[in-house]
Amino acid sequence: MEVKAENIIVIGGSAGAYELIVEILDHLPSYFKDAIVIVLHRNSRYETKIETSLSKRLKRNVISIRDKLPVLENHIYFAPPGYHTLVEPDQLFSLDISDPVQFSRPSIDVFFESVASVYGNRCTAFLLSGANNDGAVGIKYLINHGATCYVQKPEEAIINTMPLAAIKASDKVIVIPNHQIIAYFSQLL
Amino acid sequence: MAELKGSNEINFNEVEEIVFLLKNVSDFDLSGYTRSSLKRRIQRVMNLEGMDMVDLKNALINVDGFQQYFIQEVTVNVTEMFRDPAFFNKLNKDIIPYLQTFPRIKIWSAGCSTGEEVYSLAILLKENKLSDRSFIYGTDINSKVLDVAKKGIYPLKKFKEYSDNFNAYNSTESLSHYYTARYDAAIINKDLRQNILFSTHNLATDQVFNEFHLITCRNVLIYFDLRLQEHVINLFYQSLALFGFLCLGTKETLIRHDIMQNFKVIDKEFNIYQKIK
């Protein structure tokens with residue numbers, strides 16, 4: 001059944017974030033009401049290997065976003081490499097091949113900004129480990145639109161550049177350790 | 001709301017206002033374009049020009065040449081030679097042998113931007129000794145990018161990536177075979193630029209203009225909403241000869257459209273379809 005998600009949970013990560021993302025997904029309940037969308041920097045030559053291997057591991061369909069797919073509840077999505085991912089006001093994903101932002105395509109900033117204007121306070125964001133500043137501007141947009149934003153505790157991030165940049169960008173982010181991030185997802189309804 | 005430094009954020013209502021205004025004062029109709037992308041691109045123009053909404057509307061109505069500039073900046077013009085090398089492999093292996101059976105091969109690259117894909121197709125045809133009996137039409141809404149396409153001159157630094165793409169597609173030849181480098185520019189060789197015509201065409205409003213055996217339109221539909229996509233795909237259907245091929249981008253699909261029943265899927269990964277009725 002295709003029901004568009006009322007609320008969206010977005011996760012941005014880069015170098016050093018993948019293992020935590022796998023752990024998060026491992027702890028998800030079999031049903032949850034939100035849509036989970038993950039933007040992870042990766043090389044476009046490895047296309048959809050992550051989605052395929054996670055689908056097997058989790059025994060559920062992990063979706064690589066395609067043009068105009070609806071954002072559905074109880075679904076896990078990954079932004080495809082080589083494109084920016086955006087969300088339309090009618091809650092369909094849309095893709096964009098304009099230039100990389102901060103050397104990144106997908107850009108976490110571009111995605112977070114788009115999500116902010118469509119979902120506002122119906123969005124919860126997590127920003128994890130990474131070696132650049134992507135996500136900090138996006139977090140600022142999300143906060144301005146009433147979203148709740150969590151940032152991985154820099155001491156626990158494999159590479160802390162990304163969390164530190166986000167913490168610097170806004171004093172309203174909530175810094176949390178890994179076990180609390182995992183607990184958040186395991187308790188989703 | 002707190003100010004973001006150096007950035008103008010507009011809301012979706014303001015995007016609608018601009019679309020409505022532009023439709024009334026020009027030939028450009030952006031009503032079928034995805035709003036998330038438009039919003040981002042309009043904000044970008046406003047930031048580049050240091051404009052607020054009032055300035056932007058004023059410029060769209062009163063400043064000579066601004067509408068053309070605006071369209072140029074709002075539409076996305078990103079393209080490469082041999083983007084998705086595996087797609088070109090597939091074309092070469094499975095589609096070209098079929099096209100060879102037609103006495104004349106007519107190809108349409110729709111939304112071709114600065115023309116790199118058109119020249120990639122021209123190389124493919126040349127490699128298969130089909131240049132003399134084929135013709136490629138490259139069209140775009142934006143006349144500025146077509147001026148670049150017609151010249152066939154590109155910054156040399158881009159050819160590093162293009163060569164990587166080309167090598168992934170064809171490991172025996174070298175892309176340098178097809179262009180001449182001068183200082184920091186590369187010009188596509190003259191023989192490749194024959195049998196090509198670049199012309200403006202607006203997919204949203206213009207009609208069928210010829211019959212084709214192959215239409216490529218990759219990463220253009222992503223900027224259109226489902227309704228405009230439907231319209232454009234119908235236009236492609238009407239423009240294709242029976243058993244002609246349609247190639248879309250790797251993240252685009254025909255599957256959600258009714259016209260799909262008139263096509264056969266040739267390649268699911270690269271979204272290559274054949275018109276079968």
# chains A, B, ... in the order shown; residues from 1 in each chain; ligands from 1
$ select_by_dssp --residues "stretch 99-170 of chain B" --states "helix (DSSP H, G or I)" --output "PyMOL selection string"
chain B and resi 99+116-127+131-133+143-151+156-169
$ residues_around --residues "B:Tyr33" --least-positions-apart "5" --cutoff "6 Å" --atoms "only C-alpha atoms" --output "PyMOL selection string"
chain B and resi 223-225
$ write_last_selection --atoms "N, CA and C atoms" --output "PDB file, in the first residue's frame"
ATOM      1  N   TYR B 223      13.590  17.252 -14.691  1.00  0.00           N
ATOM      2  CA  TYR B 223      13.196  18.626 -14.350  1.00  0.00           C
ATOM      3  C   TYR B 223      11.730  18.913 -14.630  1.00  0.00           C
ATOM      4  N   PHE B 224      10.986  17.904 -15.121  1.00  0.00           N
ATOM      5  CA  PHE B 224       9.575  18.092 -15.457  1.00  0.00           C
ATOM      6  C   PHE B 224       8.688  17.334 -14.479  1.00  0.00           C
ATOM      7  N   ASP B 225       7.490  17.877 -14.200  1.00  0.00           N
ATOM      8  CA  ASP B 225       6.549  17.136 -13.377  1.00  0.00           C
ATOM      9  C   ASP B 225       5.915  16.019 -14.216  1.00  0.00           C
TER      10      ASP B 225
END
$ closest_atom_pairs --of "chain A" --to "chain B" --cutoff "10 Å" --atoms "only C-alpha atoms" --output "tab-separated table"
residue	atom	partner	partner_atom	distance
A:Ser44	CA	B:Asp84	CA	9.9
A:Arg45	CA	B:Asp84	CA	9.5
A:Ser64	CA	B:Lys251	CA	9.3
A:Ile65	CA	B:Lys251	CA	7.8
A:Arg66	CA	B:Lys251	CA	4.8
A:Asp67	CA	B:Glu252	CA	5.5
A:Lys68	CA	B:Leu226	CA	7.5
A:Leu69	CA	B:Arg256	CA	9.8
A:Pro80	CA	B:Lys251	CA	8.6
A:Tyr83	CA	B:Lys251	CA	9.3
A:His84	CA	B:Ser37	CA	9.8
A:Thr85	CA	B:Ser37	CA	9.6
A:Leu86	CA	B:Ser36	CA	6.3
A:Val87	CA	B:Ser36	CA	6.2
A:Glu88	CA	B:Ser36	CA	5.3
A:Pro89	CA	B:Arg35	CA	7.3
A:Asp90	CA	B:Arg35	CA	9.6
A:Leu92	CA	B:Asp225	CA	9.5
A:Phe93	CA	B:Ser36	CA	9.3
A:Ser94	CA	B:Ile222	CA	6.4
A:Leu95	CA	B:Ile222	CA	5.8
A:Asp96	CA	B:Ile222	CA	6.7
A:Ile97	CA	B:Val78	CA	6.7
A:Ser98	CA	B:Val76	CA	5.9
A:Asp99	CA	B:Val78	CA	7.1
A:Val110	CA	B:Arg40	CA	8.6
A:Phe111	CA	B:Ser36	CA	10.0
A:Glu113	CA	B:Arg40	CA	9.1
A:Ser114	CA	B:Ser36	CA	6.5
A:Val115	CA	B:Ser36	CA	9.3
A:Ser117	CA	B:Asn11	CA	7.4
A:Val118	CA	B:Ser36	CA	8.8
A:Val137	CA	B:Leu4	CA	8.8
A:Lys140	CA	B:Leu4	CA	8.0
A:Tyr141	CA	B:Leu4	CA	8.0
A:Ile143	CA	B:Ala2	CA	9.6
A:Asn144	CA	B:Met1	CA	6.5
A:His145	CA	B:Met1	CA	8.4
$ write_last_selection --atoms "N, CA and C atoms" --output "mmCIF file, in the first residue's frame"
data_model
loop_
_atom_site.group_PDB
_atom_site.id
_atom_site.type_symbol
_atom_site.label_atom_id
_atom_site.label_comp_id
_atom_site.auth_asym_id
_atom_site.auth_seq_id
_atom_site.Cartn_x
_atom_site.Cartn_y
_atom_site.Cartn_z
ATOM 1 N N SER A 44 30.188 7.503 -7.816
ATOM 2 C CA SER A 44 29.089 7.059 -8.681
ATOM 3 C C SER A 44 29.428 5.779 -9.436
ATOM 4 N N ARG A 45 30.701 5.359 -9.372
ATOM 5 C CA ARG A 45 31.030 4.099 -10.045
ATOM 6 C C ARG A 45 30.493 2.892 -9.269
ATOM 7 N N SER A 64 16.924 2.776 -3.972
ATOM 8 C CA SER A 64 17.744 3.814 -4.574
ATOM 9 C C SER A 64 16.781 4.766 -5.275
ATOM 10 N N ILE A 65 16.818 6.027 -4.901
ATOM 11 C CA ILE A 65 15.800 6.971 -5.383
ATOM 12 C C ILE A 65 15.868 7.134 -6.897
ATOM 13 N N ARG A 66 14.706 7.075 -7.515
ATOM 14 C CA ARG A 66 14.572 7.363 -8.943
ATOM 15 C C ARG A 66 13.667 8.570 -9.092
ATOM 16 N N ASP A 67 13.674 9.140 -10.269
ATOM 17 C CA ASP A 67 12.893 10.338 -10.536
ATOM 18 C C ASP A 67 11.409 10.153 -10.213
ATOM 19 N N LYS A 68 10.850 11.086 -9.424
ATOM 20 C CA LYS A 68 9.420 11.201 -9.119
ATOM 21 C C LYS A 68 8.841 10.027 -8.328
ATOM 22 N N LEU A 69 9.673 9.301 -7.604
ATOM 23 C CA LEU A 69 9.143 8.307 -6.676
ATOM 24 C C LEU A 69 8.481 9.046 -5.518
ATOM 25 N N PRO A 80 20.770 8.648 -4.919
ATOM 26 C CA PRO A 80 21.697 8.012 -5.867
ATOM 27 C C PRO A 80 22.930 8.878 -6.104
ATOM 28 N N TYR A 83 23.729 12.574 -8.695
ATOM 29 C CA TYR A 83 22.580 13.484 -8.776
ATOM 30 C C TYR A 83 22.402 14.198 -7.437
ATOM 31 N N HIS A 84 21.790 15.384 -7.472
ATOM 32 C CA HIS A 84 21.265 15.963 -6.245
ATOM 33 C C HIS A 84 19.854 15.432 -6.064
ATOM 34 N N THR A 85 19.475 15.155 -4.831
ATOM 35 C CA THR A 85 18.103 14.730 -4.558
ATOM 36 C C THR A 85 17.345 15.896 -3.933
ATOM 37 N N LEU A 86 16.137 16.130 -4.449
ATOM 38 C CA LEU A 86 15.256 17.176 -3.925
ATOM 39 C C LEU A 86 13.893 16.558 -3.665
ATOM 40 N N VAL A 87 13.034 17.297 -2.943
ATOM 41 C CA VAL A 87 11.668 16.816 -2.731
ATOM 42 C C VAL A 87 10.698 17.878 -3.227
ATOM 43 N N GLU A 88 9.692 17.442 -3.982
ATOM 44 C CA GLU A 88 8.672 18.342 -4.489
ATOM 45 C C GLU A 88 7.625 18.632 -3.412
ATOM 46 N N PRO A 89 6.914 19.768 -3.524
ATOM 47 C CA PRO A 89 5.867 20.066 -2.540
ATOM 48 C C PRO A 89 4.798 18.958 -2.458
ATOM 49 N N ASP A 90 4.596 18.212 -3.541
ATOM 50 C CA ASP A 90 3.630 17.108 -3.458
ATOM 51 C C ASP A 90 4.288 15.794 -3.024
ATOM 52 N N LEU A 92 7.043 14.114 -3.859
ATOM 53 C CA LEU A 92 7.716 13.199 -4.784
ATOM 54 C C LEU A 92 9.186 13.596 -4.801
ATOM 55 N N PHE A 93 10.049 12.599 -4.890
ATOM 56 C CA PHE A 93 11.466 12.923 -5.045
ATOM 57 C C PHE A 93 11.692 13.493 -6.433
ATOM 58 N N SER A 94 12.614 14.456 -6.547
ATOM 59 C CA SER A 94 13.036 14.823 -7.891
ATOM 60 C C SER A 94 14.553 14.947 -7.884
ATOM 61 N N LEU A 95 15.146 14.644 -9.011
ATOM 62 C CA LEU A 95 16.605 14.599 -9.108
ATOM 63 C C LEU A 95 17.100 15.747 -9.963
ATOM 64 N N ASP A 96 18.360 16.056 -9.832
ATOM 65 C CA ASP A 96 18.927 17.246 -10.462
ATOM 66 C C ASP A 96 20.415 16.965 -10.722
ATOM 67 N N ILE A 97 20.869 17.252 -11.949
ATOM 68 C CA ILE A 97 22.292 16.997 -12.236
ATOM 69 C C ILE A 97 23.109 18.280 -12.310
ATOM 70 N N SER A 98 22.594 19.372 -11.719
ATOM 71 C CA SER A 98 23.395 20.598 -11.743
ATOM 72 C C SER A 98 24.693 20.364 -10.966
ATOM 73 N N ASP A 99 25.620 21.331 -11.100
ATOM 74 C CA ASP A 99 26.982 21.122 -10.612
ATOM 75 C C ASP A 99 27.050 20.685 -9.149
ATOM 76 N N VAL A 110 21.976 20.635 -0.248
ATOM 77 C CA VAL A 110 20.891 20.793 -1.228
ATOM 78 C C VAL A 110 19.674 19.987 -0.793
ATOM 79 N N PHE A 111 19.903 18.765 -0.351
ATOM 80 C CA PHE A 111 18.784 17.916 0.058
ATOM 81 C C PHE A 111 18.100 18.460 1.313
ATOM 82 N N GLU A 113 18.042 21.467 2.465
ATOM 83 C CA GLU A 113 17.351 22.724 2.183
ATOM 84 C C GLU A 113 15.991 22.448 1.544
ATOM 85 N N SER A 114 15.985 21.503 0.621
ATOM 86 C CA SER A 114 14.744 21.161 -0.059
ATOM 87 C C SER A 114 13.737 20.534 0.914
ATOM 88 N N VAL A 115 14.219 19.635 1.749
ATOM 89 C CA VAL A 115 13.358 18.989 2.738
ATOM 90 C C VAL A 115 12.792 20.034 3.716
ATOM 91 N N SER A 117 11.994 23.126 3.216
ATOM 92 C CA SER A 117 10.888 23.928 2.699
ATOM 93 C C SER A 117 9.632 23.109 2.464
ATOM 94 N N VAL A 118 9.756 21.797 2.362
ATOM 95 C CA VAL A 118 8.563 20.967 2.136
ATOM 96 C C VAL A 118 8.009 20.417 3.456
ATOM 97 N N VAL A 137 25.127 24.084 6.213
ATOM 98 C CA VAL A 137 24.168 25.072 5.700
ATOM 99 C C VAL A 137 22.754 24.482 5.700
ATOM 100 N N LYS A 140 21.170 24.510 9.059
ATOM 101 C CA LYS A 140 20.711 25.860 9.391
ATOM 102 C C LYS A 140 19.309 26.112 8.807
ATOM 103 N N TYR A 141 19.145 25.720 7.545
ATOM 104 C CA TYR A 141 17.827 25.841 6.906
ATOM 105 C C TYR A 141 16.777 25.046 7.667
ATOM 106 N N ILE A 143 16.722 24.057 10.771
ATOM 107 C CA ILE A 143 16.410 24.678 12.073
ATOM 108 C C ILE A 143 15.512 25.889 11.880
ATOM 109 N N ASN A 144 15.820 26.706 10.873
ATOM 110 C CA ASN A 144 14.966 27.870 10.597
ATOM 111 C C ASN A 144 13.539 27.480 10.236
ATOM 112 N N HIS A 145 13.374 26.278 9.706
ATOM 113 C CA HIS A 145 12.030 25.817 9.343
ATOM 114 C C HIS A 145 11.417 24.930 10.426
#
$ closest_residue --among "B:Asn262, B:Asn202, B:Asn167, B:Asn271" --to "B:His231" --atoms "only C-alpha atoms"
B:Asn202
$ closest_residue --among "B:Val232, B:Ile107, B:Ile215, B:Ala59" --to "B:Ser134" --atoms "only C-alpha atoms"
B:Ile107
$ residues_around --residues "A:Phe112" --least-positions-apart "4" --cutoff "9 Å" --atoms "only C-alpha atoms" --output "ChimeraX atom specification"
/A:10,12,86,107-108,116-117,125,135,137-139,141-142
$ write_last_selection --atoms "C-alpha atoms" --output "compact mmCIF listing (two decimals), in the first residue's frame"
# COMPACT_ATOMS: atom_id res chain seq x y z
CA VAL A 10 16.86 12.45 7.00
CA GLY A 12 23.47 12.95 6.04
CA LEU A 86 15.26 17.18 -3.93
CA SER A 107 24.94 17.39 -1.70
CA ILE A 108 23.55 17.06 1.82
CA ALA A 116 13.19 22.03 5.03
CA SER A 117 10.89 23.93 2.70
CA ALA A 125 17.63 15.31 10.73
CA GLY A 135 25.35 19.59 5.73
CA VAL A 137 24.17 25.07 5.70
CA GLY A 138 21.37 22.54 5.29
CA ILE A 139 21.09 22.09 9.06
CA TYR A 141 17.83 25.84 6.91
CA LEU A 142 16.16 22.94 8.70
$ atom_distance --atom1 "atom CA of B:Val265" --atom2 "atom CA of B:Pro103"
24.1 Å
$ residues_around --residues "A:Met162" --least-positions-apart "3" --cutoff "10 Å" --atoms "only C-alpha atoms" --output "list of chain:residue names"
A:Gly12, A:Gly13, A:Ser14, A:Ala15, A:Leu127, A:Leu128, A:Ser129, A:Gly130, A:Ala131, A:Asn132, A:Asn133, A:Asp134, A:Gly135, A:Ala136, A:Val151, A:Gln152, A:Pro154, A:Ala157, A:Ile159, A:Ala165, A:Ala166, A:Ile167, A:Lys168
$ closest_residue --among "B:Asp94, B:Asp164, B:Gln194, B:Ser171" --to "B:Arg133" --atoms "only C-alpha atoms"
B:Gln194
$ closest_residue --among "B:Thr180, B:Thr205, B:Ser143, B:Ser120" --to "B:Pro155" --atoms "only C-alpha atoms"
B:Thr180
$ select_by_dssp --residues "stretch 29-187 of chain A" --states "strand (DSSP E)" --output "MDAnalysis selection string"
chainID A and resid 35:40 62:64 75:78 84:87 93:96 123:127 148:152 174:176
$ atom_distance --atom1 "atom CA of B:His201" --atom2 "atom CA of B:Asn142"
8.3 Å
$ residues_around --residues "stretch 64-71 of chain B" --least-positions-apart "2" --cutoff "9 Å" --atoms "only C-alpha atoms" --output "list in words"
Leu22, Ser26, Phe28, Ile42, Val45, Ala59, Leu60, Ile61, Asn62, Glu73, Val74, Thr75, Ile141, Asn142, Ser143 and Lys144 of chain B
$ atom_distance --atom1 "atom CA of B:Ile187" --atom2 "atom CA of B:Leu121"
16.0 Å
$ residues_around --residues "stretch 18-30 of chain A" --least-positions-apart "6" --cutoff "12 Å" --atoms "only C-alpha atoms" --output "ChimeraX atom specification"
/A:10-12,36-42,50-51,53-62,74-78,126-130,152,156-159,177-189
$ write_last_selection --atoms "C-alpha atoms" --output "PDB file, in the first residue's frame"
ATOM      1  CA  VAL A  10      16.858  12.454   6.996  1.00  0.00           C
ATOM      2  CA  ILE A  11      20.421  11.295   7.553  1.00  0.00           C
ATOM      3  CA  GLY A  12      23.475  12.952   6.043  1.00  0.00           C
ATOM      4  CA  ILE A  36      13.871   7.511   6.175  1.00  0.00           C
ATOM      5  CA  VAL A  37      16.079   9.148   3.552  1.00  0.00           C
ATOM      6  CA  ILE A  38      19.851   8.824   3.592  1.00  0.00           C
ATOM      7  CA  VAL A  39      22.265  11.031   1.687  1.00  0.00           C
ATOM      8  CA  LEU A  40      25.707   9.494   1.764  1.00  0.00           C
ATOM      9  CA  HIS A  41      28.640  10.747  -0.297  1.00  0.00           C
ATOM     10  CA  ARG A  42      29.920   7.941  -2.482  1.00  0.00           C
ATOM     11  CA  ILE A  50      24.875  -0.345  -1.006  1.00  0.00           C
ATOM     12  CA  GLU A  51      21.154  -0.640  -1.646  1.00  0.00           C
ATOM     13  CA  SER A  53      23.602  -5.414  -0.005  1.00  0.00           C
ATOM     14  CA  LEU A  54      21.470  -3.631   2.602  1.00  0.00           C
ATOM     15  CA  SER A  55      18.275  -5.028   1.089  1.00  0.00           C
ATOM     16  CA  LYS A  56      19.687  -8.524   1.561  1.00  0.00           C
ATOM     17  CA  ARG A  57      20.942  -7.831   5.054  1.00  0.00           C
ATOM     18  CA  LEU A  58      17.736  -6.202   6.298  1.00  0.00           C
ATOM     19  CA  LYS A  59      15.416  -8.489   4.327  1.00  0.00           C
ATOM     20  CA  ARG A  60      13.461  -5.463   3.183  1.00  0.00           C
ATOM     21  CA  ASN A  61      13.572  -3.287   0.125  1.00  0.00           C
ATOM     22  CA  VAL A  62      16.095  -0.465   0.458  1.00  0.00           C
ATOM     23  CA  ASN A  74       7.853   2.680   6.318  1.00  0.00           C
ATOM     24  CA  HIS A  75      10.380   3.031   3.483  1.00  0.00           C
ATOM     25  CA  ILE A  76      14.165   3.469   3.474  1.00  0.00           C
ATOM     26  CA  TYR A  77      15.672   5.496   0.627  1.00  0.00           C
ATOM     27  CA  PHE A  78      19.190   6.312  -0.498  1.00  0.00           C
ATOM     28  CA  PHE A 126      20.824  13.517  11.684  1.00  0.00           C
ATOM     29  CA  LEU A 127      24.272  14.605  10.536  1.00  0.00           C
ATOM     30  CA  LEU A 128      27.077  12.092  10.959  1.00  0.00           C
ATOM     31  CA  SER A 129      30.802  11.645  10.345  1.00  0.00           C
ATOM     32  CA  GLY A 130      32.434  13.274   7.312  1.00  0.00           C
ATOM     33  CA  GLN A 152      26.761  12.976  15.997  1.00  0.00           C
ATOM     34  CA  GLU A 156      32.588   9.559  18.502  1.00  0.00           C
ATOM     35  CA  ALA A 157      32.663  10.421  14.813  1.00  0.00           C
ATOM     36  CA  ILE A 158      35.346   8.652  12.800  1.00  0.00           C
ATOM     37  CA  ILE A 159      35.969  11.976  11.056  1.00  0.00           C
ATOM     38  CA  PRO A 177      26.348  10.027  21.148  1.00  0.00           C
ATOM     39  CA  ASN A 178      26.046   6.975  18.896  1.00  0.00           C
ATOM     40  CA  HIS A 179      24.084   4.829  21.343  1.00  0.00           C
ATOM     41  CA  GLN A 180      21.378   7.494  21.570  1.00  0.00           C
ATOM     42  CA  ILE A 181      21.207   7.770  17.791  1.00  0.00           C
ATOM     43  CA  ILE A 182      20.693   4.022  17.577  1.00  0.00           C
ATOM     44  CA  ALA A 183      18.146   4.096  20.415  1.00  0.00           C
ATOM     45  CA  TYR A 184      16.174   6.782  18.570  1.00  0.00           C
ATOM     46  CA  PHE A 185      15.775   4.550  15.526  1.00  0.00           C
ATOM     47  CA  SER A 186      15.091   1.369  17.475  1.00  0.00           C
ATOM     48  CA  GLN A 187      12.206   3.112  19.225  1.00  0.00           C
ATOM     49  CA  LEU A 188      10.502   4.411  16.089  1.00  0.00           C
ATOM     50  CA  LEU A 189       6.790   3.680  15.902  1.00  0.00           C
TER      51      LEU A 189
END
$ closest_residue --among "A:Tyr119, A:Asp34, A:Pro100, A:Arg105" --to "A:Ala79" --atoms "only C-alpha atoms"
A:Arg105
$ residues_around --residues "B:Ile105" --least-positions-apart "5" --cutoff "8 Å" --atoms "only C-alpha atoms" --output "number ranges by chain"
B: 99-100, 133-135, 212-214
$ write_last_selection --atoms "N, CA and C atoms" --output "PDB file, in the first residue's frame"
ATOM      1  N   LEU B  99      19.914  -0.187 -36.007  1.00  0.00           N
ATOM      2  CA  LEU B  99      19.783   1.058 -36.777  1.00  0.00           C
ATOM      3  C   LEU B  99      20.405   0.913 -38.168  1.00  0.00           C
ATOM      4  N   GLN B 100      21.454   0.107 -38.233  1.00  0.00           N
ATOM      5  CA  GLN B 100      22.156  -0.102 -39.506  1.00  0.00           C
ATOM      6  C   GLN B 100      21.227  -0.617 -40.597  1.00  0.00           C
ATOM      7  N   ARG B 133      25.274   8.171 -43.844  1.00  0.00           N
ATOM      8  CA  ARG B 133      23.830   8.010 -44.016  1.00  0.00           C
ATOM      9  C   ARG B 133      23.041   8.273 -42.727  1.00  0.00           C
ATOM     10  N   SER B 134      23.616   9.117 -41.895  1.00  0.00           N
ATOM     11  CA  SER B 134      22.856   9.469 -40.696  1.00  0.00           C
ATOM     12  C   SER B 134      22.833  10.987 -40.508  1.00  0.00           C
ATOM     13  N   PHE B 135      21.896  11.430 -39.687  1.00  0.00           N
ATOM     14  CA  PHE B 135      21.758  12.860 -39.408  1.00  0.00           C
ATOM     15  C   PHE B 135      21.322  13.011 -37.956  1.00  0.00           C
ATOM     16  N   PHE B 212      12.095  10.055 -36.414  1.00  0.00           N
ATOM     17  CA  PHE B 212      13.412   9.611 -35.976  1.00  0.00           C
ATOM     18  C   PHE B 212      13.475   8.113 -35.697  1.00  0.00           C
ATOM     19  N   HIS B 213      14.703   7.595 -35.803  1.00  0.00           N
ATOM     20  CA  HIS B 213      14.930   6.180 -35.480  1.00  0.00           C
ATOM     21  C   HIS B 213      15.522   6.019 -34.084  1.00  0.00           C
ATOM     22  N   LEU B 214      16.067   7.115 -33.594  1.00  0.00           N
ATOM     23  CA  LEU B 214      16.619   7.082 -32.236  1.00  0.00           C
ATOM     24  C   LEU B 214      16.425   8.465 -31.613  1.00  0.00           C
TER      25      LEU B 214
END
$ decode --residues "stretch 154-173 of chain A" --atoms "N, CA and C atoms" --output "mmCIF file, in the first residue's frame"
data_model
loop_
_atom_site.group_PDB
_atom_site.id
_atom_site.type_symbol
_atom_site.label_atom_id
_atom_site.label_comp_id
_atom_site.auth_asym_id
_atom_site.auth_seq_id
_atom_site.Cartn_x
_atom_site.Cartn_y
_atom_site.Cartn_z
ATOM 1 N N PRO A 154 31.040 14.777 18.130
ATOM 2 C CA PRO A 154 32.289 14.779 17.340
ATOM 3 C C PRO A 154 33.326 13.784 17.863
ATOM 4 N N GLU A 155 33.388 13.598 19.193
ATOM 5 C CA GLU A 155 34.381 12.671 19.759
ATOM 6 C C GLU A 155 34.126 11.240 19.291
ATOM 7 N N GLU A 156 32.897 10.931 18.913
ATOM 8 C CA GLU A 156 32.588 9.559 18.502
ATOM 9 C C GLU A 156 32.585 9.391 16.988
ATOM 10 N N ALA A 157 32.669 10.508 16.275
ATOM 11 C CA ALA A 157 32.663 10.421 14.813
ATOM 12 C C ALA A 157 34.038 9.986 14.329
ATOM 13 N N ILE A 158 34.067 9.114 13.340
ATOM 14 C CA ILE A 158 35.346 8.652 12.800
ATOM 15 C C ILE A 158 36.110 9.844 12.217
ATOM 16 N N ILE A 159 35.384 10.702 11.500
ATOM 17 C CA ILE A 159 35.969 11.976 11.056
ATOM 18 C C ILE A 159 35.033 13.101 11.503
ATOM 19 N N ASN A 160 35.550 14.029 12.314
ATOM 20 C CA ASN A 160 34.620 14.950 12.991
ATOM 21 C C ASN A 160 34.381 16.280 12.275
ATOM 22 N N THR A 161 34.968 16.461 11.091
ATOM 23 C CA THR A 161 34.838 17.759 10.400
ATOM 24 C C THR A 161 33.376 18.148 10.165
ATOM 25 N N MET A 162 32.594 17.202 9.694
ATOM 26 C CA MET A 162 31.212 17.502 9.345
ATOM 27 C C MET A 162 30.361 17.828 10.576
ATOM 28 N N PRO A 163 30.426 16.983 11.626
ATOM 29 C CA PRO A 163 29.676 17.335 12.840
ATOM 30 C C PRO A 163 30.109 18.691 13.412
ATOM 31 N N LEU A 164 31.410 18.950 13.448
ATOM 32 C CA LEU A 164 31.892 20.218 14.021
ATOM 33 C C LEU A 164 31.371 21.418 13.234
ATOM 34 N N ALA A 165 31.357 21.292 11.898
ATOM 35 C CA ALA A 165 30.884 22.403 11.066
ATOM 36 C C ALA A 165 29.412 22.694 11.353
ATOM 37 N N ALA A 166 28.627 21.643 11.542
ATOM 38 C CA ALA A 166 27.195 21.838 11.800
ATOM 39 C C ALA A 166 26.969 22.456 13.177
ATOM 40 N N ILE A 167 27.757 22.019 14.155
ATOM 41 C CA ILE A 167 27.621 22.557 15.514
ATOM 42 C C ILE A 167 27.974 24.045 15.515
ATOM 43 N N LYS A 168 28.981 24.384 14.698
ATOM 44 C CA LYS A 168 29.401 25.770 14.592
ATOM 45 C C LYS A 168 28.336 26.623 13.880
ATOM 46 N N ALA A 169 27.649 25.995 12.934
ATOM 47 C CA ALA A 169 26.690 26.745 12.108
ATOM 48 C C ALA A 169 25.427 27.116 12.877
ATOM 49 N N SER A 170 25.042 26.310 13.832
ATOM 50 C CA SER A 170 23.814 26.623 14.552
ATOM 51 C C SER A 170 23.890 26.154 15.994
ATOM 52 N N ASP A 171 23.483 27.023 16.924
ATOM 53 C CA ASP A 171 23.549 26.610 18.337
ATOM 54 C C ASP A 171 22.301 25.832 18.743
ATOM 55 N N LYS A 172 21.382 25.605 17.806
ATOM 56 C CA LYS A 172 20.174 24.861 18.150
ATOM 57 C C LYS A 172 20.271 23.368 17.840
ATOM 58 N N VAL A 173 21.414 22.926 17.296
ATOM 59 C CA VAL A 173 21.536 21.489 17.032
ATOM 60 C C VAL A 173 21.708 20.742 18.355
#
